[in-house]
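Structure below is input26.txt: compact mmCIF, C-alpha atoms.
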```
# COMPACT_ATOMS: atom_id res chain seq x y z
CA MET Q 29 7.80 -3.99 32.54
CA ALA Q 30 10.49 -4.44 29.93
CA ASP Q 31 9.45 -4.38 26.32
CA GLU Q 32 9.87 -7.59 24.41
CA VAL Q 33 10.46 -7.00 20.73
CA LYS Q 34 11.02 -9.75 18.18
CA LEU Q 35 11.55 -9.44 14.46
CA PHE Q 36 10.96 -12.37 12.12
CA GLY Q 37 12.94 -11.56 9.00
CA MET Q 38 15.03 -12.81 6.14
CA TRP Q 39 18.55 -11.58 5.47
CA ALA Q 40 18.09 -10.83 1.75
CA SER Q 41 14.70 -9.14 2.01
CA PRO Q 42 14.66 -5.35 1.62
CA TYR Q 43 11.31 -5.33 3.47
CA SER Q 44 12.86 -7.08 6.43
CA ARG Q 45 15.93 -4.82 6.40
CA ARG Q 46 13.82 -1.67 6.44
CA VAL Q 47 12.26 -2.73 9.75
CA GLN Q 48 15.70 -3.56 11.17
CA LEU Q 49 16.95 -0.14 10.16
CA ALA Q 50 14.01 1.59 11.83
CA LEU Q 51 14.54 -0.37 15.07
CA LYS Q 52 18.29 0.38 15.10
CA LEU Q 53 17.83 4.06 14.32
CA LYS Q 54 15.49 4.35 17.28
CA GLY Q 55 17.82 2.29 19.46
CA ILE Q 56 15.16 -0.32 20.23
CA PRO Q 57 16.59 -3.62 21.47
CA TYR Q 58 15.09 -6.61 19.70
CA GLU Q 59 15.55 -10.30 19.09
CA TYR Q 60 16.03 -11.20 15.44
CA ILE Q 61 14.75 -14.52 14.16
CA GLU Q 62 15.96 -15.57 10.71
CA GLU Q 63 13.29 -17.41 8.72
CA ASP Q 64 13.99 -20.06 6.14
CA LEU Q 65 11.36 -19.12 3.57
CA SER Q 66 11.37 -22.62 2.09
CA ASN Q 67 10.50 -23.99 5.53
CA LYS Q 68 8.56 -21.38 7.44
CA SER Q 69 8.44 -21.74 11.20
CA SER Q 70 5.19 -22.52 12.96
CA LEU Q 71 5.65 -19.28 14.91
CA LEU Q 72 5.72 -17.23 11.71
CA LEU Q 73 2.59 -18.95 10.44
CA LYS Q 74 0.92 -18.30 13.78
CA TYR Q 75 1.90 -14.62 13.82
CA ASN Q 76 1.07 -13.93 10.17
CA PRO Q 77 -1.57 -16.44 9.13
CA VAL Q 78 -3.02 -14.15 6.47
CA HIS Q 79 0.07 -13.63 4.28
CA GLN Q 80 2.57 -16.03 5.90
CA LYS Q 81 5.37 -13.62 5.05
CA ILE Q 82 8.21 -11.80 6.71
CA PRO Q 83 8.82 -9.32 8.17
CA VAL Q 84 6.65 -9.67 11.25
CA LEU Q 85 7.27 -7.59 14.34
CA VAL Q 86 6.06 -9.07 17.61
CA HIS Q 87 5.80 -6.56 20.45
CA ASN Q 88 4.99 -8.03 23.86
CA GLY Q 89 3.45 -11.03 22.12
CA LYS Q 90 1.32 -9.02 19.67
CA PRO Q 91 2.17 -9.39 15.97
CA ILE Q 92 2.26 -6.67 13.33
CA ALA Q 93 2.73 -7.57 9.66
CA GLU Q 94 3.39 -5.59 6.44
CA SER Q 95 6.61 -3.60 6.56
CA LEU Q 96 5.12 -0.13 5.98
CA VAL Q 97 2.49 -0.77 8.67
CA ILE Q 98 5.31 -1.92 10.98
CA LEU Q 99 7.33 1.25 10.31
CA GLU Q 100 4.41 3.47 11.30
CA TYR Q 101 3.76 1.31 14.38
CA ILE Q 102 7.40 1.67 15.46
CA ASP Q 103 7.26 5.43 14.98
CA GLU Q 104 4.01 5.78 16.95
CA THR Q 105 5.05 3.47 19.80
CA TRP Q 106 8.63 4.69 20.33
CA ARG Q 107 8.35 8.45 20.07
CA ASN Q 108 12.07 9.15 20.56
CA ASN Q 109 14.32 10.59 17.87
CA PRO Q 110 14.62 10.17 15.03
CA VAL Q 111 10.92 10.72 14.43
CA LEU Q 112 10.44 8.82 11.21
CA LEU Q 113 7.31 10.29 9.67
CA PRO Q 114 7.00 14.03 9.02
CA GLN Q 115 4.86 16.01 11.47
CA ASP Q 116 3.01 17.96 8.78
CA PRO Q 117 0.02 15.99 7.39
CA PHE Q 118 0.74 16.96 3.79
CA GLU Q 119 4.39 15.90 4.08
CA ARG Q 120 3.23 12.66 5.71
CA SER Q 121 0.89 11.95 2.82
CA MET Q 122 3.75 12.54 0.35
CA ALA Q 123 6.06 10.17 2.27
CA ARG Q 124 3.35 7.49 2.30
CA PHE Q 125 2.64 8.08 -1.40
CA TRP Q 126 6.28 7.57 -2.44
CA ALA Q 127 6.73 4.53 -0.18
CA LYS Q 128 3.67 2.97 -1.83
CA PHE Q 129 5.07 3.91 -5.25
CA ILE Q 130 8.30 2.08 -4.45
CA ASP Q 131 6.52 -1.05 -3.21
CA GLU Q 132 3.81 -1.15 -5.87
CA LYS Q 133 5.60 0.16 -8.94
CA ILE Q 134 9.37 0.35 -8.65
CA LEU Q 135 9.86 -3.10 -7.11
CA ILE Q 136 7.65 -4.66 -9.80
CA THR Q 137 9.57 -2.95 -12.59
CA ALA Q 138 12.84 -4.04 -10.98
CA ARG Q 139 11.58 -7.62 -11.10
CA LYS Q 140 10.71 -7.20 -14.78
CA VAL Q 141 14.32 -6.09 -15.32
CA SER Q 142 15.54 -9.26 -13.55
CA PHE Q 143 13.32 -11.76 -15.25
CA ASN Q 144 13.58 -10.53 -18.81
CA THR Q 145 16.32 -10.29 -21.40
CA GLY Q 146 16.77 -8.50 -24.72
CA LYS Q 147 14.14 -6.02 -25.77
CA GLU Q 148 11.78 -6.68 -22.84
CA GLN Q 149 14.61 -6.04 -20.42
CA GLU Q 150 15.55 -2.83 -22.25
CA GLN Q 151 11.97 -1.59 -21.98
CA ALA Q 152 11.84 -2.48 -18.31
CA ILE Q 153 15.14 -0.64 -17.72
CA GLU Q 154 13.70 2.44 -19.43
CA GLU Q 155 10.58 2.27 -17.29
CA LEU Q 156 12.63 1.83 -14.12
CA THR Q 157 14.88 4.74 -15.03
CA GLU Q 158 11.83 7.00 -15.43
CA GLN Q 159 10.42 5.85 -12.10
CA LEU Q 160 13.72 6.42 -10.30
CA LYS Q 161 13.96 9.89 -11.83
CA LEU Q 162 10.53 10.70 -10.39
CA LEU Q 163 11.77 9.54 -7.02
CA GLU Q 164 15.01 11.51 -7.32
CA ASN Q 165 12.94 14.65 -7.86
CA GLU Q 166 11.67 14.32 -4.32
CA LEU Q 167 15.20 14.80 -3.00
CA LYS Q 168 15.77 18.16 -4.71
CA GLY Q 169 16.73 20.89 -2.25
CA LYS Q 170 16.85 18.52 0.72
CA PRO Q 171 19.67 16.51 2.29
CA TYR Q 172 17.31 13.58 2.98
CA PHE Q 173 13.91 12.51 1.64
CA ALA Q 174 12.54 13.27 5.11
CA GLY Q 175 14.15 16.73 5.19
CA GLU Q 176 17.02 17.62 7.50
CA ALA Q 177 17.44 14.14 8.95
CA ILE Q 178 16.90 10.52 7.92
CA GLY Q 179 13.27 9.35 8.12
CA TYR Q 180 10.61 6.97 6.86
CA LEU Q 181 11.07 7.47 3.13
CA ASP Q 182 14.86 7.37 3.41
CA ILE Q 183 14.55 4.00 5.13
CA VAL Q 184 12.29 2.65 2.39
CA VAL Q 185 14.41 3.99 -0.50
CA ALA Q 186 17.70 2.99 1.12
CA ASN Q 187 16.67 -0.60 1.46
CA PHE Q 188 15.50 -0.81 -2.08
CA LEU Q 189 18.17 1.15 -3.90
CA VAL Q 190 21.27 1.11 -1.80
CA PHE Q 191 21.02 -2.37 -0.40
CA TRP Q 192 19.05 -4.44 -2.84
CA PHE Q 193 18.99 -3.00 -6.32
CA ARG Q 194 22.68 -2.20 -6.62
CA ASN Q 195 23.46 -5.86 -5.93
CA LEU Q 196 20.75 -6.96 -8.33
CA GLN Q 197 22.11 -4.90 -11.19
CA GLU Q 198 25.60 -6.22 -10.60
CA ALA Q 199 24.32 -9.81 -10.60
CA LEU Q 200 22.48 -9.10 -13.85
CA GLY Q 201 25.49 -7.46 -15.45
CA ILE Q 202 23.67 -4.21 -16.16
CA ASN Q 203 24.64 -0.74 -15.09
CA MET Q 204 21.61 1.49 -15.22
CA PHE Q 205 21.79 2.98 -11.75
CA THR Q 206 24.84 5.24 -11.99
CA GLN Q 207 26.11 8.48 -10.51
CA GLU Q 208 25.95 10.11 -13.94
CA LYS Q 209 22.27 9.33 -14.35
CA PHE Q 210 21.24 9.94 -10.73
CA PRO Q 211 23.63 12.50 -9.22
CA ILE Q 212 21.23 13.65 -6.51
CA ILE Q 213 20.50 10.14 -5.28
CA PHE Q 214 24.20 9.29 -5.22
CA GLU Q 215 24.90 12.38 -3.08
CA TRP Q 216 22.22 11.17 -0.69
CA ILE Q 217 23.71 7.67 -0.62
CA LYS Q 218 27.10 9.13 0.38
CA LYS Q 219 25.44 10.82 3.38
CA LEU Q 220 23.45 7.75 4.26
CA ILE Q 221 26.29 5.28 4.47
CA LYS Q 222 28.06 7.52 6.95
CA ILE Q 223 25.34 6.61 9.45
CA ASN Q 224 26.61 3.56 11.38
CA VAL Q 225 23.37 1.66 11.66
CA VAL Q 226 22.71 2.07 7.94
CA GLU Q 227 25.95 0.24 7.17
CA GLU Q 228 25.06 -2.38 9.80
CA CYS Q 229 21.79 -3.11 8.04
CA ARG Q 230 23.24 -3.61 4.57
CA ILE Q 231 22.56 -6.92 2.88
CA PRO Q 232 25.99 -8.62 2.76
CA LYS Q 233 27.00 -8.13 -0.86
CA GLU Q 234 28.89 -11.28 -1.84
CA ARG Q 235 26.35 -13.57 -0.23
CA HIS Q 236 23.57 -11.59 -1.87
CA LEU Q 237 25.13 -11.83 -5.34
CA ILE Q 238 25.33 -15.61 -5.00
CA TYR Q 239 21.75 -15.71 -3.73
CA ILE Q 240 20.41 -13.62 -6.64
CA ARG Q 241 22.33 -15.60 -9.25
CA THR Q 242 21.14 -18.89 -7.82
CA ARG Q 243 17.51 -17.75 -7.83
CA LEU Q 244 17.70 -16.43 -11.38
CA GLU Q 245 19.22 -19.71 -12.56
CA ALA Q 246 16.47 -21.68 -10.83
CA LEU Q 247 13.80 -19.53 -12.44
CA LYS Q 248 15.38 -19.86 -15.88
CA SER Q 249 15.51 -23.64 -15.66
CA ALA Q 250 11.98 -23.78 -14.28
CA SER Q 251 10.67 -21.86 -17.27
CA LYS Q 252 12.39 -24.08 -19.84
CA MET H 14 -8.76 25.14 8.94
CA GLU H 15 -11.04 24.15 6.10
CA GLY H 16 -9.55 26.10 3.20
CA GLU H 17 -10.43 24.99 -0.28
CA VAL H 18 -11.15 21.28 -0.81
CA VAL H 19 -11.69 19.72 -4.23
CA LEU H 20 -12.20 16.04 -5.01
CA LEU H 21 -11.53 14.73 -8.51
CA ASP H 22 -13.48 11.50 -8.71
CA PHE H 23 -15.46 9.04 -10.83
CA TRP H 24 -18.88 8.06 -9.51
CA PRO H 25 -18.53 4.21 -9.56
CA SER H 26 -15.07 4.20 -7.94
CA MET H 27 -14.96 2.44 -4.58
CA PHE H 28 -11.72 4.29 -3.92
CA GLY H 29 -13.34 7.68 -4.50
CA MET H 30 -16.20 6.62 -2.24
CA ARG H 31 -13.75 6.13 0.64
CA THR H 32 -12.67 9.75 0.41
CA ARG H 33 -16.26 10.96 0.02
CA ILE H 34 -17.20 9.09 3.21
CA ALA H 35 -14.26 10.53 5.16
CA LEU H 36 -15.09 14.08 4.03
CA ALA H 37 -18.75 13.54 4.97
CA GLU H 38 -17.86 12.06 8.37
CA LYS H 39 -15.84 15.18 9.12
CA GLN H 40 -18.55 17.41 7.62
CA ILE H 41 -16.09 19.11 5.30
CA LYS H 42 -17.48 21.23 2.49
CA TYR H 43 -15.85 20.43 -0.79
CA GLU H 44 -16.23 20.72 -4.53
CA TYR H 45 -16.86 17.39 -6.25
CA ARG H 46 -15.64 17.17 -9.84
CA GLU H 47 -16.62 14.21 -11.98
CA GLU H 48 -13.84 12.99 -14.28
CA ASP H 49 -14.39 11.35 -17.65
CA LEU H 50 -11.70 8.68 -17.51
CA ARG H 51 -11.56 8.42 -21.30
CA ASN H 52 -10.85 12.15 -21.43
CA LYS H 53 -8.96 13.09 -18.28
CA SER H 54 -8.92 16.76 -17.34
CA ALA H 55 -5.76 18.85 -17.44
CA LEU H 56 -6.21 19.37 -13.70
CA LEU H 57 -6.19 15.62 -13.01
CA LEU H 58 -3.05 15.11 -15.10
CA GLN H 59 -1.39 18.04 -13.37
CA MET H 60 -2.37 16.95 -9.86
CA ASN H 61 -1.60 13.24 -10.28
CA PRO H 62 1.09 13.09 -12.96
CA VAL H 63 2.54 9.85 -11.60
CA HIS H 64 -0.58 7.65 -11.77
CA LYS H 65 -3.09 9.87 -13.62
CA LYS H 66 -5.84 8.27 -11.55
CA ILE H 67 -8.77 9.30 -9.40
CA PRO H 68 -9.51 10.03 -6.67
CA VAL H 69 -7.36 13.10 -6.17
CA LEU H 70 -7.96 15.27 -3.13
CA ILE H 71 -6.83 18.86 -3.56
CA HIS H 72 -6.51 20.89 -0.37
CA ASN H 73 -5.56 24.53 -0.76
CA GLY H 74 -4.11 23.71 -4.17
CA LYS H 75 -1.98 20.77 -2.97
CA PRO H 76 -2.81 17.28 -4.22
CA ILE H 77 -3.05 14.13 -2.12
CA CYS H 78 -3.28 10.88 -4.10
CA GLU H 79 -4.26 7.31 -3.17
CA SER H 80 -7.54 6.84 -1.30
CA LEU H 81 -6.24 5.39 1.97
CA ILE H 82 -3.58 8.10 2.13
CA GLN H 83 -6.35 10.68 1.57
CA VAL H 84 -8.48 9.21 4.37
CA GLN H 85 -5.53 9.38 6.79
CA TYR H 86 -4.74 12.93 5.67
CA ILE H 87 -8.35 14.00 6.29
CA ASP H 88 -8.27 12.29 9.70
CA GLU H 89 -5.03 14.07 10.64
CA VAL H 90 -5.94 17.56 9.43
CA TRP H 91 -9.50 17.57 10.78
CA ASN H 92 -8.51 15.87 13.99
CA ASP H 93 -11.07 17.64 16.18
CA ARG H 94 -14.08 15.54 15.12
CA ALA H 95 -15.21 12.02 14.16
CA PRO H 96 -11.83 10.28 14.51
CA LEU H 97 -11.33 7.47 12.00
CA LEU H 98 -8.15 5.90 13.35
CA PRO H 99 -8.07 5.00 17.07
CA PRO H 100 -5.40 6.51 19.38
CA ASN H 101 -3.80 3.16 20.29
CA PRO H 102 -0.84 2.30 18.00
CA TYR H 103 -1.58 -1.44 17.92
CA GLN H 104 -5.21 -0.87 16.94
CA ARG H 105 -4.03 1.60 14.28
CA ALA H 106 -1.60 -0.99 12.90
CA THR H 107 -4.38 -3.61 12.83
CA ALA H 108 -6.73 -1.24 10.95
CA ARG H 109 -3.97 -0.34 8.46
CA PHE H 110 -3.05 -4.00 7.95
CA TRP H 111 -6.62 -4.99 7.07
CA ALA H 112 -7.18 -1.90 4.90
CA ASP H 113 -4.03 -2.93 2.99
CA PHE H 114 -5.50 -6.45 2.73
CA VAL H 115 -8.68 -5.01 1.20
CA ASP H 116 -6.54 -3.10 -1.32
CA LYS H 117 -4.47 -6.14 -2.21
CA LYS H 118 -7.35 -8.57 -2.62
CA ILE H 119 -10.93 -7.35 -3.00
CA TYR H 120 -10.66 -5.08 -6.04
CA ASP H 121 -8.75 -7.54 -8.23
CA LEU H 122 -10.76 -10.59 -7.21
CA GLY H 123 -14.05 -8.74 -7.65
CA GLY H 124 -12.87 -7.53 -11.04
CA LYS H 125 -12.15 -11.09 -12.13
CA LEU H 126 -15.74 -12.01 -11.36
CA TRP H 127 -17.06 -9.77 -14.12
CA ARG H 128 -14.07 -9.82 -16.46
CA THR H 129 -13.52 -13.58 -16.66
CA LYS H 130 -15.40 -16.83 -17.10
CA GLY H 131 -15.10 -20.53 -16.37
CA GLU H 132 -12.29 -21.77 -14.17
CA GLU H 133 -10.68 -18.39 -13.70
CA GLN H 134 -13.96 -16.90 -12.53
CA GLU H 135 -14.66 -19.83 -10.19
CA ALA H 136 -11.21 -19.55 -8.63
CA ALA H 137 -11.68 -15.82 -8.12
CA LYS H 138 -15.10 -16.39 -6.54
CA LYS H 139 -13.70 -18.95 -4.13
CA GLU H 140 -10.84 -16.69 -3.11
CA LEU H 141 -13.08 -13.64 -2.78
CA ILE H 142 -15.40 -15.54 -0.40
CA GLU H 143 -12.38 -16.66 1.66
CA CYS H 144 -11.13 -13.07 1.90
CA LEU H 145 -14.56 -11.72 2.85
CA LYS H 146 -14.84 -14.42 5.53
CA LEU H 147 -11.44 -13.42 6.93
CA LEU H 148 -12.62 -9.83 7.09
CA GLU H 149 -15.91 -10.88 8.65
CA GLY H 150 -13.89 -12.67 11.31
CA GLN H 151 -12.23 -9.39 12.23
CA LEU H 152 -15.60 -7.91 13.12
CA GLY H 153 -16.10 -10.23 16.07
CA ASP H 154 -19.06 -9.05 18.16
CA ASN H 155 -18.48 -5.40 17.34
CA PRO H 156 -20.91 -3.27 15.36
CA TYR H 157 -18.04 -1.84 13.32
CA PHE H 158 -14.48 -2.79 12.42
CA GLY H 159 -13.50 0.26 14.44
CA GLY H 160 -15.18 -1.31 17.49
CA LYS H 161 -18.07 0.67 18.94
CA ASP H 162 -17.44 3.39 16.40
CA PHE H 163 -17.23 3.55 12.63
CA GLY H 164 -13.57 3.85 11.66
CA PHE H 165 -10.78 3.57 9.12
CA LEU H 166 -11.29 -0.04 8.10
CA ASP H 167 -15.05 0.47 7.82
CA VAL H 168 -14.34 3.35 5.42
CA ALA H 169 -11.87 1.22 3.47
CA LEU H 170 -14.25 -1.69 2.93
CA VAL H 171 -17.84 -0.42 2.85
CA PRO H 172 -17.66 1.10 -0.67
CA PHE H 173 -17.33 -2.42 -2.06
CA TYR H 174 -20.84 -3.10 -0.72
CA CYS H 175 -22.43 -1.31 -3.69
CA TRP H 176 -20.35 -3.54 -5.98
CA PHE H 177 -21.45 -6.79 -4.29
CA TYR H 178 -24.64 -6.90 -6.38
CA THR H 179 -22.53 -6.89 -9.56
CA TYR H 180 -20.13 -9.53 -8.19
CA GLU H 181 -23.08 -11.72 -7.16
CA LYS H 182 -24.85 -11.46 -10.51
CA PHE H 183 -21.78 -12.33 -12.54
CA GLY H 184 -20.52 -14.92 -10.07
CA ARG H 185 -23.98 -16.42 -9.51
CA PHE H 186 -23.72 -16.54 -5.73
CA SER H 187 -24.94 -14.74 -2.65
CA ILE H 188 -22.44 -12.94 -0.47
CA GLU H 189 -25.08 -12.71 2.27
CA ALA H 190 -25.39 -16.50 2.31
CA GLU H 191 -21.62 -16.82 2.73
CA CYS H 192 -21.00 -13.87 5.05
CA PRO H 193 -24.23 -12.84 6.80
CA LYS H 194 -22.44 -10.87 9.51
CA LEU H 195 -20.57 -8.86 6.91
CA ILE H 196 -23.79 -7.91 5.11
CA ALA H 197 -25.40 -7.01 8.45
CA TRP H 198 -22.40 -4.74 9.07
CA ALA H 199 -22.72 -3.15 5.61
CA LYS H 200 -26.42 -2.46 6.13
CA ARG H 201 -25.61 -0.92 9.51
CA CYS H 202 -23.07 1.36 7.82
CA MET H 203 -25.62 2.33 5.17
CA GLN H 204 -27.76 3.81 7.94
CA LYS H 205 -25.10 6.45 8.35
CA GLU H 206 -25.71 9.47 6.16
CA SER H 207 -22.00 9.75 5.26
CA VAL H 208 -22.07 6.24 3.80
CA ALA H 209 -25.54 6.31 2.20
CA LYS H 210 -24.74 9.56 0.41
CA SER H 211 -21.29 8.42 -0.77
CA LEU H 212 -22.00 4.97 -2.18
CA ALA H 213 -23.38 4.62 -5.68
CA ASP H 214 -26.61 2.81 -6.42
CA GLN H 215 -25.86 -0.91 -6.90
CA GLU H 216 -28.06 -1.30 -9.96
CA LYS H 217 -26.40 1.69 -11.60
CA ILE H 218 -23.02 0.03 -10.95
CA TYR H 219 -24.26 -3.17 -12.59
CA ASP H 220 -25.44 -1.21 -15.64
CA PHE H 221 -22.12 0.59 -15.75
CA VAL H 222 -20.23 -2.72 -15.76
CA LEU H 223 -22.47 -4.11 -18.53
CA HIS H 224 -21.66 -1.08 -20.67
CA LEU H 225 -17.98 -1.28 -19.73
CA LYS H 226 -17.78 -4.93 -20.77
CA LYS H 227 -19.25 -4.06 -24.16
CA ALA H 228 -16.86 -1.14 -24.57
CA LEU H 229 -13.89 -3.33 -23.62
CA GLY H 230 -15.07 -6.13 -25.88
CA ILE H 231 -15.41 -8.63 -23.02
CA GLU H 232 -18.11 -11.26 -23.54
```
For this file, write the structure as structure tokens.
Amino acid sequence: MADEVKLFGMWASPYSRRVQLALKLKGIPYEYIEEDLSNKSSLLLKYNPVHQKIPVLVHNGKPIAESLVILEYIDETWRNNPVLLPQDPFERSMARFWAKFIDEKILITARKVSFNTGKEQEQAIEELTEQLKLLENELKGKPYFAGEAIGYLDIVVANFLVFWFRNLQEALGINMFTQEKFPIIFEWIKKLIKINVVEECRIPKERHLIYIRTRLEALKSASK
Amino acid sequence: MEGEVVLLDFWPSMFGMRTRIALAEKQIKYEYREEDLRNKSALLLQMNPVHKKIPVLIHNGKPICESLIQVQYIDEVWNDRAPLLPPNPYQRATARFWADFVDKKIYDLGGKLWRTKGEEQEAAKKELIECLKLLEGQLGDNPYFGGKDFGFLDVALVPFYCWFYTYEKFGRFSIEAECPKLIAWAKRCMQKESVAKSLADQEKIYDFVLHLKKALGIE
């Protein structure tokens, strides 16, 4: 029986893109369904009634929600290379820890950077810089976060930093994420973008800049 | 396989209780160290520099932080007994999804019940009941969330049971009246030694929260 894999996603979402990257790295054929988040499809609401969010992976009719849960599901179901999570339980726990740190801390601080100006923005930038430095530390002595080859944590970091945040900082007119400040991460990025599917999964920059600017404007006028 | 296992914890923490339950399920001998959260030990700060929080599991000198990550680590290292996650990837994903749901919802909503009053408290109560009902729905006709056997999601949720008394007193409602199946499940879990020994006494938790409110200056 052929596998039927569908991904409900949104083009500008780093969470959605991380699942796409995992599927492409593993060479898993899938059907992509773009969701309009202002008008969610009845299928999405049926497949993720609890959170009503993307991404949702549907494998042979069975839905899985929450991007990190989906990544582990993909790795456990399609055991071919690249194996995404480390084999060693301690290394696995570290990968999960840092992925959680990105989703629960870094992304929140990044939002604070977006939604604030002046002193509050400066403080948020400082906080984000510290958090990114902690993350960069995990790369020391390794070509990839996962070790010798791209893996789970690389996928999570790539989608946040390489695809999403760099566009965000450009749209905001700030320049905190630089090669000078984060030499090790920038070395890693150079390696990463040489991988074809990584480039394929990038959020299209110009469209993303417009999208971010439009959203920020809408939020500013809403708060007035 | 065992090596040296240390758990840095704080007795009322539902998160610490998860790890205690997992260690007990696997019958792992470990050293329990109580942390004073107003005066965190050098070891805690060294082992969890990023969050400086408990619980921290230290295995052969290496720290594992975040309770659900600890439970999975314990399940993977001591994989020859009392499995917590099932072998089927879809069932594993379902258990992880709902454990994540517990993390995202129950702690904060429960906290609002004793930290806030009036409309905010009422809204939190309403949402908490909805979330507990959703979880109750996942049980179906099974004795445990893990199916026939006690598993990952049971470990993730059952520690909140000793906090229900506190939530009910402050929120002036009965969780059993709203979610009888869930309470039946919790009582079933409490018959397991690993759970009974790991959860704190509910009246002690209530006392703790009363003192905490005073200390934090919350009416």
Among listed residues Q:His87, Q:Arg46, Q:Lys74, Q:Lys81, nearest chain H (using only C-alpha atoms):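 Checking each of Q:His87, Q:Arg46, Q:Lys74, Q:Lys81 against chain H, counting only C-alpha atoms, the winner is Q:His87.
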Give me the residues of chain H that have any atom at most 7 Å from an atom of chain Q; for each, the nearest atom pair and the distance in Å, rounded to one decimal. Use all atoms listed in the file, sort by chain and number, and format it as a Markdown table.
```
| residue | atom | partner | partner_atom | distance |
| --- | --- | --- | --- | --- |
| H:Ile77 | CA | Q:Ser121 | CA | 6.7 |
| H:Ile82 | CA | Q:Ser121 | CA | 5.9 |
| H:Tyr86 | CA | Q:Pro117 | CA | 5.9 |
| H:Glu89 | CA | Q:Pro117 | CA | 6.3 |
| H:Val90 | CA | Q:Pro117 | CA | 6.5 |
| H:Pro102 | CA | Q:Tyr101 | CA | 5.9 |
| H:Tyr103 | CA | Q:Tyr101 | CA | 7.0 |
| H:Ala106 | CA | Q:Val97 | CA | 5.9 |
| H:Arg109 | CA | Q:Val97 | CA | 6.5 |
| H:Phe110 | CA | Q:Val97 | CA | 6.5 |
```
Let me see the file: selected residues, C-alpha atoms, as a compact mmCIF listing (two decimals), keeping the file's coordinate frame.
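The resulting selection_17.txt:
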```
# COMPACT_ATOMS: atom_id res chain seq x y z
CA ILE H 77 -3.05 14.13 -2.12
CA ILE H 82 -3.58 8.10 2.13
CA TYR H 86 -4.74 12.93 5.67
CA GLU H 89 -5.03 14.07 10.64
CA VAL H 90 -5.94 17.56 9.43
CA PRO H 102 -0.84 2.30 18.00
CA TYR H 103 -1.58 -1.44 17.92
CA ALA H 106 -1.60 -0.99 12.90
CA ARG H 109 -3.97 -0.34 8.46
CA PHE H 110 -3.05 -4.00 7.95
```
Residues within 12 Å of (-6.0, -0.9, 11.2), counting all atoms listed in the file, listed as a PyMOL selection string: (chain Q and resi 92-94+97-98+100-101) or (chain H and resi 81+85+97-115+148+151+158-160+164-170)
Contact residues around segment 182-193 of chain H with only C-alpha atoms at 12 Å, ignoring same-chain residues under 2 positions, as a PyMOL selection string: chain H and resi 122-139+141-150+152+173-174+176-180+195-200+215-216+218-220+222-223+226+232
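By chain and then residue number, the residues within 8 Å of segment 55-64 of chain Q are Q:Glu32, Q:Val33, Q:Lys34, Q:Leu35, Q:Phe36, Q:Gly37, Q:Met38, Q:Trp39, Q:Leu51, Q:Lys52, Q:Asn67, Q:Lys68, Q:Ser69, Q:Ile82, counting all atoms listed in the file and disregarding those fewer than 3 positions away in sequence.
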Interatomic distance (Å, one decimal) between atom CA of Lys217 of chain H and atom CA of Thr32 of chain H: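 About the pair atom CA of Lys217 of chain H and atom CA of Thr32 of chain H: they are 19.9 Å apart.
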Point-to-point distance from atom CA of Val190 of chain Q to atom CA of Glu155 of chain Q, Å rounded to tenths: 18.9 Å
Distance criterion (all atoms listed in the file): nearest to Arg33 of chain H out of H:Pro68, H:Gly16, H:Gly74, H:Gly230: H:Pro68
9 Å contact set for Ala174 of chain Q, only C-alpha atoms, chain neighbours under 6 positions out, as a ChimeraX atom specification: /Q:112-114,119,123,167,180-182
Length of the atom CA of Leu156 of chain Q to atom CA of Lys53 of chain H vector [Å]: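 Pair atom CA of Leu156 of chain Q / atom CA of Lys53 of chain H returns 24.7 Å.
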Residue neighbourhood Ile202 of chain Q, 10 Å, all atoms listed in the file, exclusion window fewer than 5 positions, as number ranges by chain: Q: 141-142, 153, 194, 196-197
Nearest candidate to Arg45 of chain Q (options Q:Ile223, Q:Val86, Q:Leu189, Q:Ile183; using only C-alpha atoms):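 Using only C-alpha atoms, the shortest distance to Arg45 of chain Q belongs to Q:Ile183.
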Supply segment 51-57 of chain Q as a short mmCIF file (atom, residue, chain, number, x, y, z; two decimals), in the frame of the given file, with N, CA and C atoms built in where the input has gaps.
```
data_model
loop_
_atom_site.label_atom_id
_atom_site.label_comp_id
_atom_site.auth_asym_id
_atom_site.auth_seq_id
_atom_site.Cartn_x
_atom_site.Cartn_y
_atom_site.Cartn_z
N LEU Q 51 14.32 0.02 13.67
CA LEU Q 51 14.54 -0.37 15.07
C LEU Q 51 15.91 0.12 15.53
N LYS Q 52 16.93 -0.04 14.70
CA LYS Q 52 18.29 0.38 15.10
C LYS Q 52 18.41 1.88 15.19
N LEU Q 53 17.77 2.60 14.26
CA LEU Q 53 17.83 4.06 14.32
C LEU Q 53 17.22 4.58 15.61
N LYS Q 54 16.15 3.93 16.04
CA LYS Q 54 15.49 4.35 17.28
C LYS Q 54 16.16 3.77 18.52
N GLY Q 55 17.14 2.89 18.31
CA GLY Q 55 17.82 2.29 19.46
C GLY Q 55 16.94 1.33 20.23
N ILE Q 56 16.07 0.62 19.55
CA ILE Q 56 15.16 -0.32 20.23
C ILE Q 56 15.79 -1.71 20.24
N PRO Q 57 16.02 -2.27 21.42
CA PRO Q 57 16.59 -3.62 21.47
C PRO Q 57 15.56 -4.64 21.00
#
```
